[in-house]
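Here is the structure we will look at, set down as structure tokens.
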Amino acid sequence: MRTGNKFFGLTTFIVGSLLAMAASGSDLPADFAANPAAVNMTQQPKVVVNSGLLEWQPFSRDLTLWPSLSYDDKRPTPKPRLVKLEEPLNGDPARGRELAMARDKGYCIVCHELPGEVWAGTVGALLLKFKQHNYPNELVFQQIFDSRAFNPISVMPPYGTFGILNEQEIRDLVAYLQSLE
Amino acid sequence: MNSKLGWLLALLLIAPITNVMAQAEAPYREFDPMEDYLPHVKGDLRLSGSYKHWKDPKNLDWRMAGNPDENWKLNWKFMDPPFNASVHGGHFALDRGETIFKELNVKGRFAACLGARKGNLKGLRAAYPMYRPELKQVAGLEEMIERCAAKAGRVLQNGSYDNSAVSLYIANQSVGMPIKINVTSAGPLQAAYERGRKLFHTRAGRFNLACSSCHTYQIGLHLRGTVVTSPYGDVAHYPVYRTRYQLQSLHLRFAECNLDTRTQPLLPGSRPYTDIEVFLTGLTNGYPVSVPSERD
């Protein structure tokens with residue numbers, strides 16, 4: 001529980017720093033499709049038939065917090081993080097399954113095949129019967145938190161380092177994967 | 001006394017310079033391994049190998065087109081003319097583009113501004129993006145349409161329906177002509193190609209993904225219901241009719257790609273998007289302009 005708080009603190013710190021970097025709208029690169037006055041600054045284009053003007057609408061998420069492809073964007077990418085999982089795991093497999101399917105959370109099925117999903121992706125490793133591999137919890141936790149620790153060119157998003165999932169959510173996912181027989 | 005003053009002055013001068021140097025230092029970024037691309041559509045034979053299935057746009061295998069596990073191998077070219085002979089929103093946009101072009105080009109200045117020789121639009125699309133000396137930079141066709149229309153007093157924002165409609169009309173004059181831009185001779189276009197290649201491999205956004213993370217290294221694999229396609233030969237059918245976006249320019253497609261991978265999108269006509277356009281157009285060299293086309 002203590003370590004949980006510590007990890008949660010780390011994640012909050014990382015996301016907090018990212019937020020602070022993007023806090024002042026005037027610092028946004030000029031070529032961002034963003035509205036500094038909006039709550040979610042990111043805007044998406046809307047093409048209007050028979051019009052010479054391009055409309056912009058608010059996007060559902062604020063993407064200005066992360067490094068972009070703009071040449072004026074001088075923010076660094078968060079570096080790979082090595083984390084230590086302290087047992088017991090205390091993860092909830094049922095909650096982990098929900099996170100694996102949720103669009104706004106893990107959404108693991110985009111790349112990985114999981115039981116009960118017909119339209120699963122094939123980019124990532126098969127996760128069916130995951131328990132058979134006998135991977136230690138710590139390894140699975142690190143893979144989800146920041147897989148760049150194992151492979152610098154991994155295409156798996158660093159869920160922990162980038163603040164997509166918090167520490168307890170990753171624990172739930174580890175518990176879910178370790179329960180797949 | 002004088003030497004002390006000299007030191008002080010020197011320090012005052014150096015301090016801002018070192019500060020600027022610290023700011024100019026490149027931030028930590030991550031890159032996918034830089035693939036050695038061939039700036040010609042046949043380079044796909046080394047990457048995904050699917051080119052052999054779509055190199056002849058007239059004679060595609062219709063059985064593959066109807067098979068969701070195989071249609072990625074056709075690079076979706078079965079939705080391009082002449083294979084796709086159906087009437088869709090792209091044809092209406094073509095009519096709109098012709099009307100606007102003729103309104104703007106009464107005295108022939110609009111075509112000349114776009115770079116047409118003696119007002120002849122044939123082959124113009126196949127030569128874009130190109131270096132424009134008056135701008136001292138590389139520009140895409142849609143950027144030039146916006147600038148040249150503004151000279152004639154008309155607002156055609158880059159990415160807007162009317163801008164893309166004019167672009168489609170101009171592209172339609174080059175249907176069947178192979179795309180041909182020179183990105184191998186030293187010059188601004190080659191520099192833009194190299195910048196675009198680097199951007200294509202630059203990790204960005206909330207998921208820390210680059211374009212190449214999928215479109216170079218995961219071609220043919222499933223991302224849920226969609227299958228990743230090759231980056232080769234892909235710009236020949238833009239601007240494209242799509243049900244969700246009506247008429248979508250290439251830069252609006254980049255913005256959509258960015259949004260899908262949770263990366264902050266940029267404005268159409270921005271330098272990074274233009275550089276990626278040059279890179280992808282280089283990978284389409286040798287493939288015919290195919291409009292009006294549609295995609296899902």
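FYI, nothing fancy with the structure tokens labels: chains A, B, ... in order, residues from 1 per chain, ligands from 1 as they appear.
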Exercise. Tell me, as number ranges by chain, which residues lie within 7 Å of range 96-98 of chain A, counting only C-alpha atoms; anything in the same chain fewer than 3 positions away does not count.
Key: A: 92-93, 101-102, 169, 172-173, 175-176
Exercise. Using only C-alpha atoms, find the residues of chain B whose closest atom to chain A is at most 7 Å away, then write them as JSON, numbers by chain.
Key: {"B": [27, 28, 29, 32, 155, 156, 157, 159, 160, 161, 162, 163, 199, 204, 205, 206, 207, 208, 209, 213, 218, 221, 222, 223, 224, 225, 245, 246, 262, 263, 264, 265, 266, 267, 270, 272]}
Self-check item: For range 99-112 of chain B: contacts at 7 Å, only C-alpha atoms, fewer than 4 positions along chain excluded, given as a PyMOL selection string
Solution: chain B and resi 95+116-117+119+148+152+166
Hey, can you spit out that residue selection with N, CA and C atoms as an mmCIF file, in the first residue's frame?
```cif
data_model
loop_
_atom_site.group_PDB
_atom_site.id
_atom_site.type_symbol
_atom_site.label_atom_id
_atom_site.label_comp_id
_atom_site.auth_asym_id
_atom_site.auth_seq_id
_atom_site.Cartn_x
_atom_site.Cartn_y
_atom_site.Cartn_z
ATOM 1 N N ASP B 95 -16.786 18.781 -60.179
ATOM 2 C CA ASP B 95 -17.571 19.819 -60.853
ATOM 3 C C ASP B 95 -17.424 21.153 -60.131
ATOM 4 N N ALA B 116 1.548 26.590 -63.913
ATOM 5 C CA ALA B 116 1.186 25.952 -65.184
ATOM 6 C C ALA B 116 1.853 26.703 -66.336
ATOM 7 N N ARG B 117 2.457 25.961 -67.250
ATOM 8 C CA ARG B 117 3.098 26.604 -68.405
ATOM 9 C C ARG B 117 2.051 26.869 -69.486
ATOM 10 N N GLY B 119 -0.726 28.097 -69.279
ATOM 11 C CA GLY B 119 -2.073 27.759 -68.826
ATOM 12 C C GLY B 119 -2.422 26.290 -68.918
ATOM 13 N N CYS B 148 -2.621 31.557 -54.224
ATOM 14 C CA CYS B 148 -2.958 32.161 -55.517
ATOM 15 C C CYS B 148 -4.409 32.657 -55.532
ATOM 16 N N ALA B 152 -6.257 36.624 -55.952
ATOM 17 C CA ALA B 152 -7.435 36.981 -56.741
ATOM 18 C C ALA B 152 -8.591 37.414 -55.840
ATOM 19 N N VAL B 166 -10.696 22.362 -55.971
ATOM 20 C CA VAL B 166 -9.841 22.913 -57.034
ATOM 21 C C VAL B 166 -8.631 22.003 -57.234
#
```
DSSP strand (DSSP E) residues within range 8-134 of chain A, as a short mmCIF file (atom, residue, chain, number, x, y, z; two decimals) with all heavy atoms, in the first residue's frame:
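Contents of part.cif, as written:
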```
data_model
loop_
_atom_site.label_atom_id
_atom_site.label_comp_id
_atom_site.auth_asym_id
_atom_site.auth_seq_id
_atom_site.Cartn_x
_atom_site.Cartn_y
_atom_site.Cartn_z
N GLN A 43 -8.05 20.77 -31.34
CA GLN A 43 -9.19 20.93 -32.24
C GLN A 43 -9.06 19.94 -33.40
O GLN A 43 -7.96 19.58 -33.81
CB GLN A 43 -9.20 22.35 -32.82
CG GLN A 43 -9.25 23.45 -31.78
CD GLN A 43 -10.60 23.58 -31.11
OE1 GLN A 43 -11.59 23.87 -31.75
NE2 GLN A 43 -10.64 23.36 -29.80
N GLN A 44 -10.24 19.51 -33.90
CA GLN A 44 -10.22 18.61 -35.07
C GLN A 44 -10.92 19.30 -36.23
O GLN A 44 -11.87 20.05 -36.04
CB GLN A 44 -10.88 17.28 -34.73
CG GLN A 44 -12.31 17.38 -34.27
CD GLN A 44 -12.90 16.00 -33.97
OE1 GLN A 44 -12.43 15.00 -34.45
NE2 GLN A 44 -13.95 15.98 -33.15
N PRO A 45 -10.45 19.03 -37.47
CA PRO A 45 -11.03 19.72 -38.62
C PRO A 45 -12.39 19.18 -39.01
O PRO A 45 -12.66 17.99 -38.84
CB PRO A 45 -10.00 19.46 -39.73
CG PRO A 45 -9.32 18.20 -39.33
CD PRO A 45 -9.34 18.12 -37.84
N LYS A 46 -13.24 20.07 -39.51
CA LYS A 46 -14.53 19.65 -40.06
C LYS A 46 -14.67 20.30 -41.44
O LYS A 46 -14.66 21.53 -41.56
CB LYS A 46 -15.68 20.08 -39.15
CG LYS A 46 -17.02 19.61 -39.67
CD LYS A 46 -18.15 20.00 -38.75
CE LYS A 46 -19.52 19.46 -39.11
NZ LYS A 46 -19.79 19.14 -40.48
N VAL A 47 -14.78 19.46 -42.45
CA VAL A 47 -14.89 19.96 -43.82
C VAL A 47 -16.35 20.31 -44.09
O VAL A 47 -17.25 19.50 -43.86
CB VAL A 47 -14.39 18.89 -44.82
CG1 VAL A 47 -14.60 19.36 -46.25
CG2 VAL A 47 -12.92 18.58 -44.57
N LEU A 54 -12.34 26.26 -43.52
CA LEU A 54 -12.24 24.99 -42.82
C LEU A 54 -12.67 25.22 -41.38
O LEU A 54 -12.15 26.11 -40.71
CB LEU A 54 -10.79 24.48 -42.86
CG LEU A 54 -10.51 23.13 -42.22
CD1 LEU A 54 -11.26 22.01 -42.94
CD2 LEU A 54 -9.01 22.82 -42.25
N GLU A 55 -13.62 24.43 -40.93
CA GLU A 55 -14.10 24.60 -39.55
C GLU A 55 -13.30 23.74 -38.60
O GLU A 55 -12.80 22.68 -38.99
CB GLU A 55 -15.58 24.20 -39.45
CG GLU A 55 -16.52 25.34 -39.75
CD GLU A 55 -17.97 24.97 -39.44
OE1 GLU A 55 -18.19 24.03 -38.65
OE2 GLU A 55 -18.85 25.61 -40.02
N TRP A 56 -13.20 24.18 -37.34
CA TRP A 56 -12.50 23.40 -36.32
C TRP A 56 -13.44 23.16 -35.16
O TRP A 56 -14.14 24.07 -34.74
CB TRP A 56 -11.24 24.13 -35.85
CG TRP A 56 -10.22 24.24 -36.94
CD1 TRP A 56 -10.09 25.27 -37.83
CD2 TRP A 56 -9.21 23.28 -37.27
NE1 TRP A 56 -9.06 24.99 -38.71
CE2 TRP A 56 -8.51 23.79 -38.38
CE3 TRP A 56 -8.84 22.04 -36.75
CZ2 TRP A 56 -7.45 23.10 -38.98
CZ3 TRP A 56 -7.79 21.36 -37.34
CH2 TRP A 56 -7.10 21.89 -38.44
N GLN A 57 -13.43 21.94 -34.66
CA GLN A 57 -14.28 21.59 -33.54
C GLN A 57 -13.42 21.04 -32.41
O GLN A 57 -12.36 20.46 -32.66
CB GLN A 57 -15.28 20.50 -33.96
CG GLN A 57 -16.24 20.97 -35.02
CD GLN A 57 -17.20 19.85 -35.44
OE1 GLN A 57 -16.83 18.68 -35.41
NE2 GLN A 57 -18.39 20.22 -35.82
N PRO A 58 -13.90 21.18 -31.16
CA PRO A 58 -13.11 20.65 -30.04
C PRO A 58 -12.98 19.13 -30.14
O PRO A 58 -13.94 18.45 -30.48
CB PRO A 58 -13.92 21.04 -28.80
CG PRO A 58 -14.92 22.02 -29.26
CD PRO A 58 -15.14 21.82 -30.72
#
```
Exercise. May I ask which of the residues B:Ser86, B:Ser212, B:Asn158, B:Thr202 is the closest one to Glu142 in chain B, counting only C-alpha atoms?
Key: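 Closest candidate: B:Asn158.
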